[in-house]
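**Q** Please find run.txt (compact mmCIF, C-alpha atoms and all ligand atoms) on the next line:
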```txt
# COMPACT_ATOMS: atom_id res chain seq x y z
CA MET A 1 0.00 0.00 0.00
CA SER A 2 1.37 3.43 -0.85
CA LYS A 3 1.65 5.72 2.13
CA ARG A 4 1.41 9.47 2.44
CA ILE A 5 4.47 10.65 4.35
CA ILE A 6 3.58 13.55 6.66
CA ARG A 7 6.70 15.60 7.37
CA PHE A 8 6.70 16.78 10.97
CA GLY A 9 8.52 19.43 12.90
CA VAL A 10 8.64 19.00 16.68
CA ILE A 11 8.70 22.13 18.84
CA GLY A 12 9.60 21.22 22.42
CA CYS A 13 11.92 18.22 22.64
CA GLY A 14 11.17 17.30 26.26
CA LEU A 15 9.22 14.43 27.79
CA MET A 16 6.33 14.44 25.31
CA GLY A 17 8.38 15.35 22.24
CA LYS A 18 10.34 12.14 22.80
CA GLU A 19 7.13 10.10 23.19
CA PHE A 20 6.15 11.19 19.68
CA ALA A 21 9.58 10.25 18.33
CA SER A 22 9.16 6.79 19.84
CA ALA A 23 5.66 6.36 18.38
CA ALA A 24 6.86 7.46 14.92
CA ALA A 25 9.78 5.00 15.17
CA ARG A 26 7.45 2.02 15.57
CA TRP A 27 4.91 2.93 12.92
CA CYS A 28 5.31 -0.59 11.48
CA HIS A 29 3.24 -1.65 14.50
CA LEU A 30 0.15 -0.33 12.72
CA THR A 31 -1.35 -2.42 9.95
CA SER A 32 -3.33 -1.10 6.98
CA VAL A 33 -2.63 2.60 7.35
CA ASN A 34 -1.90 4.74 4.29
CA PHE A 35 -0.02 7.47 6.16
CA GLU A 36 3.17 7.74 8.17
CA PRO A 37 4.86 10.58 10.09
CA SER A 38 8.48 11.45 9.48
CA ILE A 39 10.14 13.89 11.89
CA VAL A 40 12.33 16.04 9.64
CA ALA A 41 12.99 19.04 11.89
CA VAL A 42 13.07 19.80 15.60
CA CYS A 43 13.27 22.92 17.72
CA ASP A 44 14.04 23.44 21.37
CA ALA A 45 15.25 26.50 23.24
CA ASN A 46 17.66 24.15 25.00
CA PRO A 47 20.10 22.72 22.41
CA ALA A 48 20.81 19.65 24.59
CA ALA A 49 17.14 18.59 24.26
CA ALA A 50 17.29 18.77 20.46
CA GLU A 51 20.58 16.84 20.52
CA TRP A 52 18.74 13.69 21.67
CA PHE A 53 16.63 13.84 18.48
CA LYS A 54 19.66 14.32 16.26
CA GLU A 55 21.24 11.23 17.81
CA GLN A 56 18.15 8.99 18.04
CA VAL A 57 15.93 9.94 15.10
CA PRO A 58 17.61 9.34 11.71
CA SER A 59 14.95 11.28 9.75
CA VAL A 60 15.79 14.58 11.54
CA GLU A 61 17.59 16.81 9.04
CA ARG A 62 17.52 20.16 10.81
CA ALA A 63 17.50 21.41 14.42
CA TYR A 64 16.51 24.97 15.25
CA ALA A 65 16.70 27.03 18.43
CA ASP A 66 14.00 29.48 17.27
CA TYR A 67 10.61 27.96 16.38
CA ARG A 68 10.01 30.69 13.74
CA GLU A 69 12.81 29.18 11.67
CA LEU A 70 11.11 25.78 11.84
CA LEU A 71 7.84 27.39 10.72
CA ALA A 72 9.63 28.95 7.74
CA ASP A 73 10.91 25.48 6.73
CA SER A 74 8.88 24.52 3.65
CA ALA A 75 9.74 20.84 4.17
CA VAL A 76 7.54 20.79 7.31
CA ASP A 77 3.85 19.91 6.71
CA ALA A 78 2.72 19.55 10.32
CA VAL A 79 3.93 20.36 13.81
CA TYR A 80 3.79 18.66 17.18
CA CYS A 81 4.18 21.30 19.86
CA ALA A 82 4.89 20.28 23.47
CA VAL A 83 6.10 23.33 25.39
CA PRO A 84 5.18 24.91 28.75
CA HIS A 85 1.64 26.31 28.93
CA ASN A 86 2.60 30.02 28.93
CA LEU A 87 4.04 29.54 25.41
CA HIS A 88 1.01 27.82 23.85
CA ALA A 89 -0.85 30.93 22.70
CA GLN A 90 2.01 32.60 20.82
CA ILE A 91 3.53 29.46 19.32
CA TYR A 92 0.22 27.74 18.39
CA VAL A 93 -1.08 30.95 16.74
CA ASP A 94 2.14 31.26 14.74
CA ILE A 95 1.98 27.59 13.70
CA ILE A 96 -1.63 27.94 12.53
CA ASN A 97 -0.92 31.20 10.69
CA ALA A 98 2.04 29.48 8.99
CA GLY A 99 -0.50 27.03 7.53
CA LYS A 100 0.97 23.96 9.26
CA HIS A 101 -1.29 21.27 10.72
CA LEU A 102 -0.90 21.10 14.50
CA LEU A 103 -1.16 18.49 17.18
CA GLY A 104 -0.73 20.70 20.24
CA GLU A 105 -0.45 19.71 23.82
CA LYS A 106 -3.19 20.52 26.28
CA PRO A 107 -4.43 22.77 27.76
CA PHE A 108 -4.24 24.87 24.53
CA GLY A 109 -3.30 28.13 26.22
CA MET A 110 -2.71 28.75 29.88
CA ASP A 111 -5.96 30.64 30.43
CA LEU A 112 -9.21 31.56 28.71
CA GLU A 113 -7.70 34.61 26.99
CA ALA A 114 -4.78 32.59 25.59
CA ASN A 115 -7.18 29.92 24.38
CA ALA A 116 -9.36 32.57 22.69
CA ALA A 117 -6.30 33.79 20.72
CA ILE A 118 -5.75 30.23 19.44
CA GLN A 119 -9.45 29.90 18.51
CA ALA A 120 -9.30 33.23 16.64
CA ALA A 121 -6.31 32.03 14.58
CA LEU A 122 -8.25 28.88 13.73
CA GLU A 123 -11.20 30.86 12.46
CA VAL A 124 -9.06 32.57 9.83
CA ASN A 125 -7.26 29.33 8.89
CA PRO A 126 -10.10 26.80 8.64
CA ASP A 127 -8.11 24.45 6.37
CA VAL A 128 -5.44 23.72 8.95
CA ILE A 129 -6.12 20.59 11.02
CA VAL A 130 -5.60 21.40 14.69
CA ARG A 131 -6.12 18.87 17.46
CA SER A 132 -5.10 18.50 21.08
CA SER A 133 -3.17 15.60 22.50
CA SER A 134 -5.27 13.32 24.76
CA GLU A 135 -4.30 9.68 24.55
CA PHE A 136 -6.25 7.82 27.24
CA PRO A 137 -9.52 7.48 25.27
CA PHE A 138 -7.56 5.20 22.91
CA PHE A 139 -7.20 2.47 25.55
CA PRO A 140 -9.35 -0.48 24.42
CA GLY A 141 -11.49 -0.26 27.60
CA ALA A 142 -12.16 3.44 26.95
CA GLN A 143 -12.96 2.74 23.29
CA GLN A 144 -15.45 0.12 24.51
CA ILE A 145 -17.16 2.79 26.63
CA VAL A 146 -17.24 5.14 23.62
CA GLN A 147 -19.01 2.37 21.71
CA TRP A 148 -21.53 1.75 24.50
CA VAL A 149 -22.37 5.48 24.69
CA LYS A 150 -22.76 5.60 20.89
CA GLU A 151 -25.16 2.66 21.08
CA GLY A 152 -27.25 4.48 23.71
CA ARG A 153 -26.94 1.57 26.14
CA PHE A 154 -27.09 3.48 29.42
CA GLY A 155 -30.76 4.45 29.61
CA LYS A 156 -31.22 7.52 31.79
CA ILE A 157 -27.82 8.67 33.07
CA ILE A 158 -27.73 8.57 36.88
CA GLU A 159 -24.23 9.93 37.44
CA VAL A 160 -20.82 10.28 35.77
CA GLU A 161 -17.43 10.37 37.43
CA ALA A 162 -14.15 10.98 35.61
CA GLY A 163 -10.68 11.69 36.89
CA PHE A 164 -6.95 11.70 36.37
CA TRP A 165 -4.78 11.06 39.41
CA HIS A 166 -1.04 11.21 40.04
CA SER A 167 0.93 10.82 43.25
CA SER A 168 4.63 11.57 42.69
CA ASP A 169 4.11 15.06 44.19
CA LEU A 170 3.33 13.44 47.56
CA ASP A 171 7.12 13.35 47.91
CA PRO A 172 8.07 16.82 49.25
CA THR A 173 11.68 16.25 48.14
CA LYS A 174 10.64 16.18 44.46
CA PRO A 175 12.22 19.34 42.97
CA ILE A 176 10.04 22.16 41.68
CA ASN A 177 9.48 22.50 37.92
CA TRP A 178 7.51 24.79 35.59
CA LYS A 179 4.23 22.99 36.35
CA ARG A 180 4.27 24.35 39.96
CA ARG A 181 4.63 28.01 38.89
CA ILE A 182 1.77 30.30 37.84
CA ALA A 183 3.96 32.18 35.32
CA THR A 184 4.61 29.03 33.29
CA ASN A 185 1.69 26.70 34.10
CA GLY A 186 -1.06 29.27 34.67
CA GLU A 187 -3.50 29.75 37.52
CA TYR A 188 -5.42 26.58 36.62
CA GLY A 189 -2.63 24.49 38.15
CA CYS A 190 -3.55 20.79 38.04
CA MET A 191 -6.69 21.55 36.00
CA GLY A 192 -4.60 22.92 33.11
CA ASP A 193 -2.23 20.03 33.36
CA LEU A 194 -4.68 17.14 33.78
CA GLY A 195 -8.12 18.56 33.02
CA LEU A 196 -8.56 18.06 29.27
CA HIS A 197 -7.68 14.40 29.73
CA VAL A 198 -10.64 14.19 32.14
CA LEU A 199 -13.08 16.22 30.05
CA HIS A 200 -12.27 14.80 26.61
CA LEU A 201 -14.78 11.94 26.69
CA PRO A 202 -17.56 13.72 28.61
CA LEU A 203 -17.39 16.63 26.14
CA ARG A 204 -17.26 14.22 23.17
CA PHE A 205 -20.44 12.65 24.55
CA GLY A 206 -22.05 16.13 24.68
CA TRP A 207 -22.00 16.37 28.47
CA LYS A 208 -21.15 20.04 29.03
CA PRO A 209 -21.42 21.17 32.64
CA SER A 210 -24.13 23.81 33.16
CA SER A 211 -22.71 24.61 36.59
CA VAL A 212 -19.55 23.98 38.60
CA ARG A 213 -18.75 24.02 42.30
CA SER A 214 -15.04 23.45 42.85
CA LEU A 215 -12.82 22.47 45.75
CA LEU A 216 -9.18 23.26 44.96
CA SER A 217 -6.28 22.36 47.26
CA LYS A 218 -2.66 23.32 47.68
CA ILE A 219 -0.96 20.58 49.67
CA VAL A 220 2.83 20.97 49.40
CA ASP A 221 3.83 24.63 49.94
CA GLU A 222 7.45 24.57 48.83
CA ARG A 223 9.93 22.31 47.09
CA PRO A 224 13.68 22.08 46.52
CA ASP A 225 14.68 24.56 43.81
CA GLY A 226 17.55 22.40 42.54
CA ARG A 227 20.12 24.98 43.66
CA GLY A 228 20.24 24.07 47.35
CA GLY A 229 17.31 26.29 48.37
CA VAL A 230 13.53 26.00 48.32
CA ALA A 231 10.92 27.64 46.08
CA PRO A 232 7.20 28.21 46.73
CA CYS A 233 4.69 25.96 44.92
CA GLU A 234 2.13 28.40 43.55
CA THR A 235 -0.35 26.21 41.67
CA TRP A 236 -3.29 24.04 42.76
CA ASP A 237 -2.27 20.46 43.48
CA ASN A 238 -5.73 18.91 43.47
CA ALA A 239 -9.15 19.84 42.09
CA ILE A 240 -12.58 18.33 42.64
CA LEU A 241 -15.31 19.75 40.40
CA ALA A 242 -18.92 18.94 41.21
CA CYS A 243 -20.77 19.68 37.98
CA GLU A 244 -24.34 19.45 36.81
CA VAL A 245 -25.02 18.43 33.23
CA GLU A 246 -28.28 19.49 31.61
CA GLY A 247 -29.39 19.00 28.05
CA ASN A 248 -31.48 16.85 25.72
CA GLY A 249 -34.06 16.48 28.48
CA SER A 250 -31.60 14.93 30.91
CA ARG A 251 -29.94 16.29 34.01
CA PHE A 252 -27.31 14.49 36.08
CA PRO A 253 -24.34 15.10 38.38
CA MET A 254 -20.82 14.74 36.99
CA LEU A 255 -17.88 14.63 39.39
CA LEU A 256 -14.52 15.50 37.82
CA SER A 257 -11.24 15.22 39.70
CA MET A 258 -7.69 16.14 38.75
CA LYS A 259 -5.13 15.27 41.38
CA ARG A 260 -1.39 15.56 41.47
CA ILE A 261 -1.45 14.13 44.99
CA ALA A 262 -3.64 11.02 45.12
CA PRO A 263 -1.58 8.62 47.27
CA GLY A 264 -0.84 5.35 45.48
CA HIS A 265 -1.90 6.47 42.00
CA ALA A 266 0.55 6.72 39.11
CA ASN A 267 -1.19 8.03 35.99
CA THR A 268 -4.64 6.68 36.88
CA TRP A 269 -7.22 7.90 34.34
CA PHE A 270 -10.77 6.67 34.75
CA ILE A 271 -14.37 7.15 33.74
CA ARG A 272 -17.47 5.67 35.38
CA ILE A 273 -20.95 6.05 33.97
CA GLN A 274 -24.02 4.88 35.84
CA GLY A 275 -27.33 4.57 34.02
CA THR A 276 -30.74 3.07 34.63
CA ALA A 277 -30.21 0.41 31.92
CA PHE A 278 -26.43 -0.02 31.94
CA SER A 279 -23.41 1.07 33.95
CA ALA A 280 -19.76 0.88 32.92
CA GLU A 281 -16.33 1.81 34.07
CA PHE A 282 -12.76 1.81 32.86
CA THR A 283 -9.61 2.77 34.72
CA THR A 284 -5.98 2.63 33.64
CA LYS A 285 -5.35 1.21 37.15
CA ASN A 286 -6.59 -2.07 35.66
CA PRO A 287 -5.75 -1.34 32.04
CA LYS A 288 -6.86 -4.70 30.71
CA GLN A 289 -10.30 -4.63 32.27
CA ALA A 290 -13.61 -3.11 31.29
CA ALA A 291 -16.53 -3.46 33.69
CA SER A 292 -20.20 -3.27 32.86
CA LEU A 293 -23.52 -3.88 34.55
CA PRO A 294 -26.51 -4.38 32.27
CA TYR A 295 -29.81 -4.05 34.10
CA GLU A 296 -33.36 -5.19 33.40
CA PRO A 297 -36.07 -4.22 35.92
CA GLY A 298 -36.41 -6.85 38.63
CA CYS A 299 -33.26 -8.70 37.54
CA PRO A 300 -30.02 -9.08 39.54
CA GLN A 301 -27.47 -6.26 39.45
CA ALA A 302 -24.19 -7.99 38.66
CA TRP A 303 -20.95 -6.43 37.42
CA HIS A 304 -19.28 -8.19 34.50
CA VAL A 305 -15.53 -7.70 34.31
CA VAL A 306 -13.70 -8.78 31.16
CA ASP A 307 -10.09 -8.56 30.08
CA ALA A 308 -10.50 -6.22 27.13
CA PRO A 309 -8.58 -7.57 24.12
CA TYR A 310 -5.81 -5.48 22.53
CA ARG A 311 -8.16 -3.69 20.20
CA SER A 312 -8.14 0.08 19.76
CA ALA A 313 -9.04 2.48 16.98
CA TYR A 314 -6.36 1.22 14.50
CA ASP A 315 -5.38 -2.40 13.89
CA THR A 316 -1.90 -3.44 14.96
CA ILE A 317 0.40 -6.41 14.64
CA THR A 318 -0.25 -7.21 18.33
CA GLY A 319 -2.72 -10.05 18.83
CA GLY A 320 -5.88 -9.62 20.86
CA ILE A 321 -4.56 -11.90 23.62
CA PHE A 322 -1.91 -9.36 24.67
CA GLU A 323 -2.26 -6.23 26.73
CA PHE A 324 -2.23 -2.55 25.85
CA GLY A 325 -0.22 0.22 27.56
CA PHE A 326 0.51 3.96 27.72
CA SER A 327 2.85 4.04 24.72
CA ASP A 328 0.25 2.10 22.70
CA SER A 329 -2.30 4.81 23.47
CA ILE A 330 0.16 7.46 22.25
CA LEU A 331 0.69 5.52 19.01
CA GLN A 332 -3.07 5.21 18.46
CA MET A 333 -3.59 8.93 19.10
CA TRP A 334 -0.89 9.73 16.55
CA ALA A 335 -2.54 7.41 14.06
CA ALA A 336 -5.84 9.28 14.50
CA PHE A 337 -4.15 12.65 13.94
CA CYS A 338 -2.15 11.53 10.89
CA ASP A 339 -5.24 9.78 9.48
CA GLU A 340 -7.16 13.04 9.63
CA VAL A 341 -4.31 14.96 7.98
CA ALA A 342 -4.01 12.34 5.22
CA ASN A 343 -7.65 11.38 4.69
CA GLY A 344 -9.78 14.20 6.16
CA GLU A 345 -13.38 13.18 6.76
CA LYS A 346 -12.60 9.85 5.03
CA MET A 347 -10.37 8.82 7.94
CA ARG A 348 -10.36 5.08 8.58
CA GLN A 349 -12.26 5.16 11.87
CA PRO A 350 -14.42 7.88 13.40
CA PHE A 351 -12.75 8.65 16.75
CA LYS A 352 -10.83 11.93 16.38
CA CYS A 353 -8.22 13.43 18.69
CA ALA A 354 -9.50 16.10 21.10
CA LEU A 355 -10.97 19.00 19.13
CA PRO A 356 -10.11 22.70 19.61
CA GLU A 357 -13.74 23.34 20.60
CA GLU A 358 -13.40 20.67 23.31
CA ALA A 359 -10.24 22.40 24.57
CA ALA A 360 -12.13 25.73 24.52
CA ALA A 361 -15.02 24.17 26.48
CA SER A 362 -12.57 22.82 29.05
CA HIS A 363 -11.25 26.37 29.55
CA ARG A 364 -14.78 27.59 30.31
CA VAL A 365 -15.07 24.87 32.96
CA PHE A 366 -11.65 25.58 34.56
CA THR A 367 -12.28 29.34 34.57
CA ALA A 368 -15.63 28.78 36.28
CA ALA A 369 -13.89 26.44 38.76
CA LEU A 370 -11.41 29.21 39.68
CA GLU A 371 -14.31 31.62 40.22
CA SER A 372 -16.11 29.03 42.34
CA GLU A 373 -13.00 28.63 44.50
CA ARG A 374 -12.70 32.42 44.93
CA THR A 375 -16.36 33.03 45.77
CA GLY A 376 -17.37 29.75 47.40
CA GLN A 377 -20.35 29.76 45.01
CA THR A 378 -21.68 27.41 42.36
CA ILE A 379 -20.96 29.04 38.98
CA SER A 380 -23.33 28.67 36.02
CA ILE A 381 -21.93 28.20 32.51
CA ASP A 382 -24.06 29.26 29.52
CA TRP A 383 -23.14 27.42 26.33
N1 LIG A 401 -0.41 14.11 26.83
C1 LIG A 401 0.23 13.83 27.95
O1 LIG A 401 0.06 12.76 28.53
C2 LIG A 401 1.17 14.84 28.53
C3 LIG A 401 2.05 14.48 29.55
C4 LIG A 401 2.95 15.43 30.04
C5 LIG A 401 2.93 16.72 29.54
N2 LIG A 401 2.05 17.06 28.56
C6 LIG A 401 2.00 18.43 27.98
O2 LIG A 401 3.11 18.57 27.10
C7 LIG A 401 3.57 19.92 27.13
C8 LIG A 401 5.05 19.91 27.47
O3 LIG A 401 5.20 19.19 28.65
P1 LIG A 401 6.49 18.27 28.91
O4 LIG A 401 6.18 17.47 30.13
O5 LIG A 401 6.90 17.59 27.65
O6 LIG A 401 7.53 19.40 29.30
P2 LIG A 401 9.11 19.34 29.30
O7 LIG A 401 9.54 20.39 30.27
O8 LIG A 401 9.62 17.95 29.46
O9 LIG A 401 9.46 19.80 27.80
C9 LIG A 401 9.20 21.08 27.31
C10 LIG A 401 10.31 21.43 26.34
O10 LIG A 401 10.00 22.70 25.75
C11 LIG A 401 11.23 23.38 25.58
N3 LIG A 401 11.00 24.80 25.38
C12 LIG A 401 10.76 25.76 26.30
N4 LIG A 401 10.61 26.95 25.70
C13 LIG A 401 10.74 26.74 24.36
C14 LIG A 401 10.69 27.59 23.22
N5 LIG A 401 10.44 28.90 23.33
N6 LIG A 401 10.90 27.02 22.01
C15 LIG A 401 11.14 25.71 21.89
N7 LIG A 401 11.20 24.87 22.93
C16 LIG A 401 11.01 25.37 24.16
C17 LIG A 401 12.00 23.07 26.84
O11 LIG A 401 13.40 23.34 26.71
C18 LIG A 401 11.69 21.59 27.01
O12 LIG A 401 12.65 20.76 26.37
C19 LIG A 401 2.69 20.67 28.11
O13 LIG A 401 1.66 21.31 27.42
C20 LIG A 401 2.11 19.56 28.98
O14 LIG A 401 0.83 19.86 29.53
C21 LIG A 401 1.19 16.12 28.04
```
Translate this structure into structure tokens?
Ligand SMILES: NC(=O)c1ccc[n+]([C@@H]2O[C@H](COP(=O)([O-])OP(=O)(O)OC[C@H]3O[C@@H](n4cnc5c(N)ncnc54)[C@H](O)[C@@H]3O)[C@@H](O)[C@H]2O)c1

**A**
Amino acid sequence: MSKRIIRFGVIGCGLMGKEFASAAARWCHLTSVNFEPSIVAVCDANPAAAEWFKEQVPSVERAYADYRELLADSAVDAVYCAVPHNLHAQIYVDIINAGKHLLGEKPFGMDLEANAAIQAALEVNPDVIVRSSSEFPFFPGAQQIVQWVKEGRFGKIIEVEAGFWHSSDLDPTKPINWKRRIATNGEYGCMGDLGLHVLHLPLRFGWKPSSVRSLLSKIVDERPDGRGGVAPCETWDNAILACEVEGNGSRFPMLLSMKRIAPGHANTWFIRIQGTAFSAEFTTKNPKQAASLPYEPGCPQAWHVVDAPYRSAYDTITGGIFEFGFSDSILQMWAAFCDEVANGEKMRQPFKCALPEEAAASHRVFTAALESERTGQTISIDW
């Protein structure tokens, strides 16, 4: 099968930039795709970070220290941008105005105003494909839940709970980084960092909160600054958002949580949906398992737990008897983005990466959550 090669530039060669390089390097894992990324150029303000790419990724031809030079490179069709949140607005707007397709990292701007600038650039460049990174919905168990929602299995929704929990920040000796500072991570704190992961599926299902009451916590006040001293931690560590969802004649509570300090949890992403006819849940804590509870009036209420086979959006060489992991979800997300760039609305399966309008909706929710924290009130959101 002939493949369309999509020539990528990577801006931000840190943790997530390298994850993309790894996914692109094992593209042969995917079967029956007519597209493939090739990372031809990289850019990082820190030359040592770009050096890793030059050594590890044979397709890289050019390394830049200024992202504007990468955007002027006519050999670059599309950009993956994974930089601190305070840089999203300027760099994403410049990428979009340069006419390059963009997979950007969440939260798509560090606040509502920054996000609005990105949305405005999109409006004048409607032909550029812009999506946000959000990989967890590509786990087979999450894809199963997407399918169940599409089939309308749940009956009347009783309640939804979704969250994303980390715990490495429980260690007060963990040094400070840009994610603990308002200037670089924004006032949202953990919501900006973890929140779009949590809201991606609920928003895809059309469940926009009509009101939010938030409880935000700062737990560790200061951390080692890496130079022998300590620095204040300025951002929210944990957020619990009690939301109400109204629409299409239904109304139900939705509890969203984003926690950097959830003892015992390392990258636990989950969604639980309870309905009058069907309930289901998936958590990356048990990444092989999907649980469901079909219900008929008067019948027993029994959870069914199955080991979900290795089956996600795109077919792979891995057999169904094996298990799926984080780097597989990154590969699947990249396949969905490249599929859309190569095939547009004729993409091979219908589940798209997180949309800019979903990122924009998440900003409305986080901004309302900050106001709720300040005022102690429940904040309404008009859509
Ligand atoms: N999808 C996920 O699971 C996931 C996980 C972690 C982080 N992220 C997101 O990825 C983004 C980056 O986070 P990270 O953890 O990779 O950060 P990181 O600190 O590991 O990497 C960021 C890189 O950007 C570079 N950089 C800074 N300013 C720059 C500039 N002006 N031009 C070019 N490069 C510049 C830094 O030198 C660094 O190498 C953030 O938006 C974050 O929210 C996503």

**Q** Give me the residues of chain A that have any atom at most 6 Å from an atom of ligand LIG 401 (chain A); for each, the nearest atom pair and the distance in Å, rounded to one decimal. Use only C-alpha atoms and all ligand atoms, sort by chain and number, and format it as JSON lines.

**A**
```
{"residue": "A:Ile11", "atom": "CA", "partner": "A:LIG401", "partner_atom": "C15", "distance": 5.3}
{"residue": "A:Gly12", "atom": "CA", "partner": "A:LIG401", "partner_atom": "O10", "distance": 3.7}
{"residue": "A:Cys13", "atom": "CA", "partner": "A:LIG401", "partner_atom": "O12", "distance": 4.6}
{"residue": "A:Gly14", "atom": "CA", "partner": "A:LIG401", "partner_atom": "O9", "distance": 3.4}
{"residue": "A:Leu15", "atom": "CA", "partner": "A:LIG401", "partner_atom": "O8", "distance": 3.9}
{"residue": "A:Met16", "atom": "CA", "partner": "A:LIG401", "partner_atom": "O5", "distance": 4.0}
{"residue": "A:Cys43", "atom": "CA", "partner": "A:LIG401", "partner_atom": "C15", "distance": 5.5}
{"residue": "A:Asp44", "atom": "CA", "partner": "A:LIG401", "partner_atom": "N7", "distance": 3.5}
{"residue": "A:Ala45", "atom": "CA", "partner": "A:LIG401", "partner_atom": "N7", "distance": 4.4}
{"residue": "A:Asn46", "atom": "CA", "partner": "A:LIG401", "partner_atom": "O11", "distance": 4.7}
{"residue": "A:Ala49", "atom": "CA", "partner": "A:LIG401", "partner_atom": "O12", "distance": 5.4}
{"residue": "A:Tyr67", "atom": "CA", "partner": "A:LIG401", "partner_atom": "N6", "distance": 5.7}
{"residue": "A:Ala82", "atom": "CA", "partner": "A:LIG401", "partner_atom": "C7", "distance": 3.9}
{"residue": "A:Val83", "atom": "CA", "partner": "A:LIG401", "partner_atom": "O10", "distance": 4.0}
{"residue": "A:Pro84", "atom": "CA", "partner": "A:LIG401", "partner_atom": "C19", "distance": 5.0}
{"residue": "A:His85", "atom": "CA", "partner": "A:LIG401", "partner_atom": "O13", "distance": 5.2}
{"residue": "A:Glu105", "atom": "CA", "partner": "A:LIG401", "partner_atom": "O13", "distance": 4.5}
{"residue": "A:Lys106", "atom": "CA", "partner": "A:LIG401", "partner_atom": "O13", "distance": 5.0}
{"residue": "A:Ser133", "atom": "CA", "partner": "A:LIG401", "partner_atom": "N1", "distance": 5.3}
{"residue": "A:Ser134", "atom": "CA", "partner": "A:LIG401", "partner_atom": "N1", "distance": 5.3}
{"residue": "A:Asp193", "atom": "CA", "partner": "A:LIG401", "partner_atom": "O14", "distance": 4.9}
```

**Q** So, counting all atoms listed in the file, which residue among A:Leu112, A:Ile158, A:Leu216, A:Ala335 is closest to Thr276 (chain A)?

**A**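 Smallest distance to Thr276 (chain A) is found for A:Ile158.
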
**Q** Quick one: contact table of region 75-177 of chain A to region 233-240 of chain A, 10 Å max, nearest atom pair and distance in Å to one decimal per residue, counting only C-alpha atoms, chain and number order, as a tab-separated table?

**A**
```
residue	atom	partner	partner_atom	distance
A:Gly163	CA	A:Ile240	CA	9.0
A:Trp165	CA	A:Asn238	CA	8.9
A:His166	CA	A:Asn238	CA	9.6
A:Asp169	CA	A:Asp237	CA	8.4
A:Leu170	CA	A:Asp237	CA	9.9
A:Ile176	CA	A:Cys233	CA	7.3
A:Asn177	CA	A:Cys233	CA	9.2
```

**Q** Choose the residue, out of A:Gly152, A:Pro209, A:Gly192, A:Gly104, that has the smallest atom-to-atom separation from Phe164 (chain A); count only C-alpha atoms.

**A** A:Gly192

**Q** With 3 Å of padding per side, what axis-aligned box (centre and edge lengths, Å, one decimal) covers all the listed atoms of region 358-361 of chain A? Give it as JSON.

**A**
```
{"center_x": -12.6, "center_y": 23.2, "center_z": 24.9, "size_x": 10.8, "size_y": 11.1, "size_z": 9.2}
```

**Q** Taking 5 positions as the minimum chain separation for residues in the same chain, which residues sit within 12 Å of Ser250 (chain A) when counting all atoms listed in the file? Answer as a ChimeraX atom specification.

**A** /A:155-159,206-208,210,244-245,275

**Q** Near Met333 (chain A), within 7 Å and counting only C-alpha atoms, which residues show up once chain neighbours fewer than 5 positions away are dropped, as a PyMOL selection string?

**A** chain A and resi 135+138+353

**Q** Take CA of Leu355 (chain A) and CA of Leu103 (chain A) and report the distance between them in Å, one decimal.

**A**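 About the pair CA of Leu355 (chain A) and CA of Leu103 (chain A): they are 10.0 Å apart.
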
**Q** What does the distance between CA of Leu331 (chain A) and CA of Glu51 (chain A) come to in Å, to one decimal place?

**A**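 Computed distance, CA of Leu331 (chain A) to CA of Glu51 (chain A), equals 22.9 Å.
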
**Q** Taking all atoms listed in the file into account, name the residue in A:Ile129, A:Ala313, A:Cys81, A:Ile330 that is nearest to Gly109 (chain A).

**A**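 For Gly109 (chain A), the nearest of the given residues is A:Cys81.
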
**Q** Which residues come within 12 Å of region 23-27 of chain A, counting all atoms listed in the file, excluding same-chain residues fewer than 5 positions away, as a PyMOL selection string?

**A** chain A and resi 3+5-8+10+16-18+32-40+53+56-60+80+314-317+326-335+338

**Q** Determine, for each residue of region 53-122 of chain A having at least one atom at most 12 Å from an atom of region 366-381 of chain A, the closest pair of atoms and their separation in Å to one decimal, counting all atoms listed in the file; order by chain and ascending number, as a Markdown table.

**A**
```
| residue | atom | partner | partner_atom | distance |
| --- | --- | --- | --- | --- |
| A:Pro107 | CA | A:Phe366 | CA | 10.3 |
| A:Met110 | CA | A:Phe366 | CA | 10.6 |
| A:Asp111 | CA | A:Thr367 | CA | 7.7 |
| A:Leu112 | CA | A:Thr367 | CA | 7.0 |
| A:Glu113 | CA | A:Thr367 | CA | 10.3 |
| A:Asn115 | CA | A:Thr367 | CA | 11.4 |
```

**Q** Could those residues be written to a file, using C-alpha atoms, as a PDB file, in the coordinates of the input?

**A**
```
ATOM      1  CA  PRO A 107      -4.430  22.770  27.760  1.00  0.00           C
ATOM      2  CA  MET A 110      -2.710  28.750  29.880  1.00  0.00           C
ATOM      3  CA  ASP A 111      -5.960  30.640  30.430  1.00  0.00           C
ATOM      4  CA  LEU A 112      -9.210  31.560  28.710  1.00  0.00           C
ATOM      5  CA  GLU A 113      -7.700  34.610  26.990  1.00  0.00           C
ATOM      6  CA  ASN A 115      -7.180  29.920  24.380  1.00  0.00           C
TER       7      ASN A 115
END
```

**Q** Could you give me, as a tab-separated table, every region 34-143 of chain A residue with an atom at most 12 Å from region 271-274 of chain A, plus its closest atom pair and distance in Å to one decimal, counting all atoms listed in the file, rows ordered by chain then number?

**A**
```
residue	atom	partner	partner_atom	distance
A:Phe136	CA	A:Ile271	CA	10.4
A:Pro137	CA	A:Ile271	CA	9.8
A:Phe139	CA	A:Ile271	CA	11.8
A:Gly141	CA	A:Ile271	CA	10.0
A:Ala142	CA	A:Ile271	CA	8.0
A:Gln143	CA	A:Ile271	CA	11.4
```

**Q** So, counting all atoms listed in the file, which residue among A:Asn267, A:Ala75, A:Ala360, A:Asn286 is closest to Ala114 (chain A)?

**A**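 Looking only at the distances to Ala114 (chain A), the closest residue turns out to be A:Ala360.
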